[in-house]
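Engineer: I have a structure I would like to understand better, so I am pasting it below and will then ask my questions one at a time.
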Amino acid sequence: MKTKFTEKQLFEAYQNQKTPQLGSAFVAKVMQTIDEDLSWQPIFKFAAFNVCLAGVCAIFAVYLMDINDLSLQLVIDSGIII
Amino acid sequence: MSSEDIEIVKKILAGDADCYRHLVEKHMNYVMSIVSKRIPNEQARDVAHDVFVRAYKSLAKYRAESPFNHWLAKIAVRECYDFWRKQYRQNSKAREISDIEQSISSYQQQENRNDALELINFALSKLNPENRAVLTLVHLEGYSIAEAAEMLGWSSVNVKVRAHRAREQLREILKDVVDEN
């Protein structure tokens, strides 16, 4: 048999839900995640720096090719010789 | 406004990450009270964890114009909204073929569930994540349209329209179990 509720009763049931309590294990888990995250930061920064450096070098190489009227093959060949 | 919280935030931003522990200890049950109303018990702890990690990553954006726990509440509400959006995307196919037509009365009969909390949670699960988030804030928790708009980062007009639509949808879902008198 169906039970009828008023809308108010349903809303109150939502509002009066009990909150599970968190303890020190929760704090430890959050801090562990943050520590792990922080330990990766220098590696990401180093990787980002290298990507930027490679990009700047590539732009500079194209600029040099352009002003010296060099072909890409010539630049690659000279790089291999060096 | 808790100046103690602001001092801790300053220390963390200056490089003392371990101070974050104090903020977690102080506000974890407040965050859990927001999350546990919106997320099933078995996942609420993980979502609360993600709230604190997200807050830590955004700490530089905290402007101390409002109390730290208000700022944290905003992150918690958005994290819960994101949780339901993910769930909604993952389950959309299954929902199409299985229970979208399932009414609350058939749910009640099949599962023999007469608990008011389970019924309201079942009804909320039938709403899309946007309507669910707005309805929860405005109608179930009593936030004003402006406050809900700020928490969700939406316009007030959007929140107002959605709140109205969501309430109508909820009434439709609950029509078989709600006593009008």
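Ordering of the structure tokens sets the chain letters (A, B, ...); residue numbers start at 1 within each chain; ligands are numbered from 1 in the order shown.
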Apply DSSP to the backbone of this structure and, from chain A, keep only the residues in alpha helix (DSSP H); write these as a VMD selection string.
Structural biologist: chain A and resid 7 to 15 24 to 68 72 to 81
Engineer: Using only C-alpha atoms, which residues of region 7-80 of chain A come within 6 Å of region 116-123 of chain B, and what is the closest atom pair for each, with the distance in Å to one decimal? Give it as a tab-separated table, sorted by chain and residue number.
Structural biologist:
```
residue	atom	partner	partner_atom	distance
A:Leu10	CA	B:Ala116	CA	5.3
A:Ala13	CA	B:Leu117	CA	5.1
A:Tyr14	CA	B:Leu117	CA	5.8
```
Engineer: Residues as selected, N, CA, C and O atoms, written as a PDB file, in the first residue's frame, can you do that?
Structural biologist:
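This is the output file again-v4.pdb:
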```pdb
ATOM      1  N   LEU A  10       8.368  15.645   2.786  1.00  0.00           N
ATOM      2  CA  LEU A  10       9.483  15.198   1.948  1.00  0.00           C
ATOM      3  C   LEU A  10      10.648  16.187   2.023  1.00  0.00           C
ATOM      4  O   LEU A  10      11.807  15.785   2.119  1.00  0.00           O
ATOM      5  N   ALA A  13      12.366  15.845   5.302  1.00  0.00           N
ATOM      6  CA  ALA A  13      13.205  14.640   5.343  1.00  0.00           C
ATOM      7  C   ALA A  13      14.567  14.947   4.730  1.00  0.00           C
ATOM      8  O   ALA A  13      15.601  14.507   5.235  1.00  0.00           O
ATOM      9  N   TYR A  14      14.557  15.727   3.647  1.00  0.00           N
ATOM     10  CA  TYR A  14      15.816  16.127   2.999  1.00  0.00           C
ATOM     11  C   TYR A  14      16.632  17.016   3.939  1.00  0.00           C
ATOM     12  O   TYR A  14      17.832  16.813   4.139  1.00  0.00           O
TER      13      TYR A  14
END
```
Engineer: Measuring between only C-alpha atoms, which one of B:Arg167, B:His22, B:Lys57, B:Lys10 shows the shortest distance to Leu124 (chain B)?
Structural biologist: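 Checking each candidate against Leu124 (chain B), we get B:Arg167 as the closest.
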Engineer: If we count only C-alpha atoms and set the cut-off at 7 Å, which residues sit around Val51 (chain B), ignoring sequence neighbours fewer than 4 positions away in its own chain? Please answer as a PyMOL selection string.
Structural biologist: chain B and resi 47+55+75-76+79
Engineer: Would you mind exporting N, CA, C and O atoms of the selected residues as a compact mmCIF listing (two decimals), in the first residue's frame?
Structural biologist:
```
# COMPACT_ATOMS: atom_id res chain seq x y z
N VAL B 47 33.78 12.86 -2.52
CA VAL B 47 33.47 14.19 -3.09
C VAL B 47 33.97 15.28 -2.13
O VAL B 47 34.55 16.28 -2.57
N ALA B 55 39.76 23.21 -3.53
CA ALA B 55 39.91 24.47 -2.80
C ALA B 55 41.39 24.82 -2.64
O ALA B 55 41.78 25.97 -2.80
N ILE B 75 32.49 26.08 -3.58
CA ILE B 75 33.26 25.01 -4.24
C ILE B 75 32.56 23.67 -4.03
O ILE B 75 32.47 22.87 -4.96
N ALA B 76 32.03 23.45 -2.83
CA ALA B 76 31.35 22.18 -2.54
C ALA B 76 30.11 22.01 -3.42
O ALA B 76 29.88 20.93 -3.98
N GLU B 79 31.23 21.25 -6.93
CA GLU B 79 31.79 19.89 -7.02
C GLU B 79 30.65 18.87 -7.09
O GLU B 79 30.72 17.91 -7.86
```
Engineer: Just to confirm, what's the straight-line distance from CA of Pro67 (chain B) to CA of Asn131 (chain B) in Å (one decimal)?
Structural biologist: 27.2 Å
Engineer: Determine which residues of chain B sit within 7 Å of chain A, taking into account only C-alpha atoms, and present them as a list in words.
Structural biologist: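 The contacting residues on chain B are Arg21, Val24, Glu25, Met28, Asn29, Met32, Ser33, Ser36, Lys37, His49, Phe52, Val53, Asn114, Ala116, Leu117, Ile120, Leu140, Val177, Val178, Asp179 and Glu180 of chain B.
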Engineer: Which residues, written as JSON, numbers by chain, have at least one atom at most 12 Å from Glu65 (chain B), with only C-alpha atoms counted and residues fewer than 5 positions away on the same chain left out?
Structural biologist: {"B": [1, 2, 3, 6, 70, 71]}
Engineer: Near Arg165 (chain B), counting only C-alpha atoms, which residues have an atom at most 12 Å away, once you skip same-chain residues fewer than 5 positions from it, shown as a PyMOL selection string?
Structural biologist: chain B and resi 127-128+130-132+134-135+139+158-160+170-172
Engineer: Could you name the residues that touch Met151 (chain B) at 8 Å or less, counting only C-alpha atoms, but leaving out those on the same chain fewer than 6 positions away, as a VMD selection string?
Structural biologist: chain B and resid 73 to 75 77 to 78
Engineer: Counting only C-alpha atoms, which of B:Gly142, B:Arg54, B:Lys126, B:Tyr62 gets nearest to Tyr88 (chain B)?
Structural biologist: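 Comparing B:Gly142, B:Arg54, B:Lys126, B:Tyr62 against Tyr88 (chain B), the winner is B:Lys126.
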Engineer: I'd like the contact shell of Val9 (chain B) - 10 Å cut-off, only C-alpha atoms, skipping same-chain residues fewer than 2 positions apart - returned as a list in words.
Structural biologist: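 Here the qualifying residues turn out to be Ser3, Glu4, Asp5, Ile6, Glu7, Lys11, Ile12, Leu13, Ala14, Asp16, Ala17, Cys19, Tyr20, Leu23, Tyr56, Leu59, Ala60, Tyr62, Ala64 and Phe68 of chain B.
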Engineer: Please save all heavy atoms of the selected residues as a short mmCIF file (atom, residue, chain, number, x, y, z; two decimals), in the first residue's frame.
Structural biologist:
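Saved to selection_29.cif:
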```cif
data_model
loop_
_atom_site.label_atom_id
_atom_site.label_comp_id
_atom_site.auth_asym_id
_atom_site.auth_seq_id
_atom_site.Cartn_x
_atom_site.Cartn_y
_atom_site.Cartn_z
N SER B 3 39.32 35.93 10.89
CA SER B 3 40.66 36.41 10.52
C SER B 3 41.68 35.28 10.66
O SER B 3 42.72 35.28 10.01
CB SER B 3 41.05 37.60 11.38
OG SER B 3 40.97 37.24 12.73
N GLU B 4 41.33 34.30 11.53
CA GLU B 4 42.21 33.15 11.73
C GLU B 4 42.37 32.38 10.41
O GLU B 4 43.48 32.00 10.03
CB GLU B 4 41.59 32.24 12.79
CG GLU B 4 42.51 31.18 13.31
CD GLU B 4 41.76 30.14 14.15
OE1 GLU B 4 40.70 30.49 14.74
OE2 GLU B 4 42.21 29.00 14.18
N ASP B 5 41.25 32.17 9.73
CA ASP B 5 41.28 31.47 8.43
C ASP B 5 42.13 32.23 7.43
O ASP B 5 42.91 31.64 6.67
CB ASP B 5 39.85 31.31 7.87
CG ASP B 5 39.05 30.29 8.64
OD1 ASP B 5 39.66 29.54 9.43
OD2 ASP B 5 37.82 30.23 8.45
N ILE B 6 41.96 33.54 7.43
CA ILE B 6 42.71 34.36 6.46
C ILE B 6 44.21 34.28 6.73
O ILE B 6 45.01 34.18 5.80
CB ILE B 6 42.20 35.83 6.50
CG1 ILE B 6 40.74 35.86 6.03
CG2 ILE B 6 43.05 36.74 5.61
CD1 ILE B 6 40.02 37.14 6.29
N GLU B 7 44.57 34.28 8.01
CA GLU B 7 45.99 34.15 8.38
C GLU B 7 46.55 32.82 7.90
O GLU B 7 47.67 32.75 7.38
CB GLU B 7 46.15 34.25 9.90
CG GLU B 7 46.03 35.67 10.44
CD GLU B 7 46.94 36.66 9.72
OE1 GLU B 7 48.13 36.36 9.57
OE2 GLU B 7 46.44 37.71 9.27
N LYS B 11 49.58 32.01 5.17
CA LYS B 11 50.74 31.14 5.45
C LYS B 11 50.90 30.09 4.35
O LYS B 11 52.01 29.79 3.92
CB LYS B 11 50.55 30.43 6.80
CG LYS B 11 50.93 31.29 7.99
CD LYS B 11 50.81 30.45 9.25
CE LYS B 11 50.93 31.31 10.49
NZ LYS B 11 50.60 30.57 11.70
N ILE B 12 49.77 29.51 3.94
CA ILE B 12 49.82 28.46 2.91
C ILE B 12 50.36 29.05 1.61
O ILE B 12 51.23 28.48 0.96
CB ILE B 12 48.44 27.82 2.68
CG1 ILE B 12 47.93 27.15 3.96
CG2 ILE B 12 48.47 26.82 1.54
CD1 ILE B 12 46.44 26.88 3.96
N LEU B 13 49.84 30.23 1.26
CA LEU B 13 50.27 30.86 0.01
C LEU B 13 51.75 31.28 0.07
O LEU B 13 52.41 31.38 -0.96
CB LEU B 13 49.39 32.06 -0.31
CG LEU B 13 47.92 31.71 -0.67
CD1 LEU B 13 47.10 32.97 -0.87
CD2 LEU B 13 47.85 30.83 -1.92
N ALA B 14 52.23 31.46 1.30
CA ALA B 14 53.65 31.81 1.46
C ALA B 14 54.54 30.56 1.41
O ALA B 14 55.76 30.67 1.51
CB ALA B 14 53.85 32.56 2.76
N ASP B 16 53.80 27.43 3.26
CA ASP B 16 53.62 26.46 4.34
C ASP B 16 52.37 25.60 4.08
O ASP B 16 51.31 25.83 4.68
CB ASP B 16 53.51 27.20 5.68
CG ASP B 16 53.55 26.26 6.87
OD1 ASP B 16 53.60 25.03 6.65
OD2 ASP B 16 53.50 26.74 8.01
N ALA B 17 52.52 24.65 3.17
CA ALA B 17 51.36 23.84 2.74
C ALA B 17 50.73 23.05 3.88
O ALA B 17 49.53 22.77 3.87
CB ALA B 17 51.78 22.90 1.62
N CYS B 19 49.94 23.89 6.74
CA CYS B 19 48.91 24.66 7.48
C CYS B 19 47.50 24.36 6.97
O CYS B 19 46.52 24.63 7.67
CB CYS B 19 49.17 26.15 7.32
SG CYS B 19 50.31 26.77 8.52
N TYR B 20 47.43 23.83 5.76
CA TYR B 20 46.11 23.54 5.19
C TYR B 20 45.36 22.54 6.06
O TYR B 20 44.12 22.54 6.09
CB TYR B 20 46.28 23.03 3.76
CG TYR B 20 44.99 22.99 2.97
CD1 TYR B 20 44.23 24.14 2.78
CD2 TYR B 20 44.52 21.80 2.41
CE1 TYR B 20 43.05 24.12 2.06
CE2 TYR B 20 43.33 21.77 1.69
CZ TYR B 20 42.61 22.93 1.51
OH TYR B 20 41.43 22.91 0.81
N LEU B 23 42.78 24.10 8.23
CA LEU B 23 41.54 24.48 7.55
C LEU B 23 40.66 23.26 7.29
O LEU B 23 39.45 23.33 7.41
CB LEU B 23 41.86 25.18 6.23
CG LEU B 23 42.44 26.60 6.32
CD1 LEU B 23 42.74 27.14 4.93
CD2 LEU B 23 41.50 27.54 7.05
N TYR B 56 42.19 23.80 -2.35
CA TYR B 56 43.63 24.05 -2.18
C TYR B 56 44.24 24.61 -3.47
O TYR B 56 45.02 25.56 -3.44
CB TYR B 56 44.33 22.75 -1.78
CG TYR B 56 45.82 22.94 -1.59
CD1 TYR B 56 46.31 23.43 -0.39
CD2 TYR B 56 46.71 22.67 -2.61
CE1 TYR B 56 47.66 23.65 -0.22
CE2 TYR B 56 48.07 22.89 -2.45
CZ TYR B 56 48.54 23.37 -1.25
OH TYR B 56 49.88 23.60 -1.09
N LEU B 59 43.27 28.24 -3.99
CA LEU B 59 43.45 29.09 -2.81
C LEU B 59 43.93 30.51 -3.16
O LEU B 59 43.54 31.48 -2.50
CB LEU B 59 44.44 28.42 -1.85
CG LEU B 59 44.18 28.58 -0.37
CD1 LEU B 59 42.76 28.22 0.01
CD2 LEU B 59 45.14 27.72 0.43
N ALA B 60 44.74 30.61 -4.20
CA ALA B 60 45.25 31.93 -4.60
C ALA B 60 44.13 32.85 -5.07
O ALA B 60 44.28 34.07 -5.09
CB ALA B 60 46.29 31.76 -5.69
N TYR B 62 41.19 33.03 -3.60
CA TYR B 62 40.36 33.45 -2.46
C TYR B 62 40.70 34.89 -2.10
O TYR B 62 41.86 35.20 -1.80
CB TYR B 62 40.58 32.50 -1.27
CG TYR B 62 39.89 32.94 -0.01
CD1 TYR B 62 38.50 33.12 0.01
CD2 TYR B 62 40.60 33.19 1.15
CE1 TYR B 62 37.87 33.54 1.16
CE2 TYR B 62 39.96 33.61 2.31
CZ TYR B 62 38.60 33.78 2.30
OH TYR B 62 37.96 34.20 3.44
N ALA B 64 39.16 36.85 0.33
CA ALA B 64 38.85 37.23 1.71
C ALA B 64 37.76 38.30 1.81
O ALA B 64 37.65 38.99 2.82
CB ALA B 64 40.12 37.70 2.44
N PHE B 68 35.73 32.37 4.81
CA PHE B 68 36.34 31.24 4.11
C PHE B 68 35.33 30.12 3.90
O PHE B 68 35.32 29.49 2.85
CB PHE B 68 37.55 30.72 4.89
CG PHE B 68 38.29 29.64 4.17
CD1 PHE B 68 39.09 29.93 3.08
CD2 PHE B 68 38.18 28.32 4.57
CE1 PHE B 68 39.77 28.93 2.41
CE2 PHE B 68 38.85 27.31 3.90
CZ PHE B 68 39.66 27.61 2.83
#
```
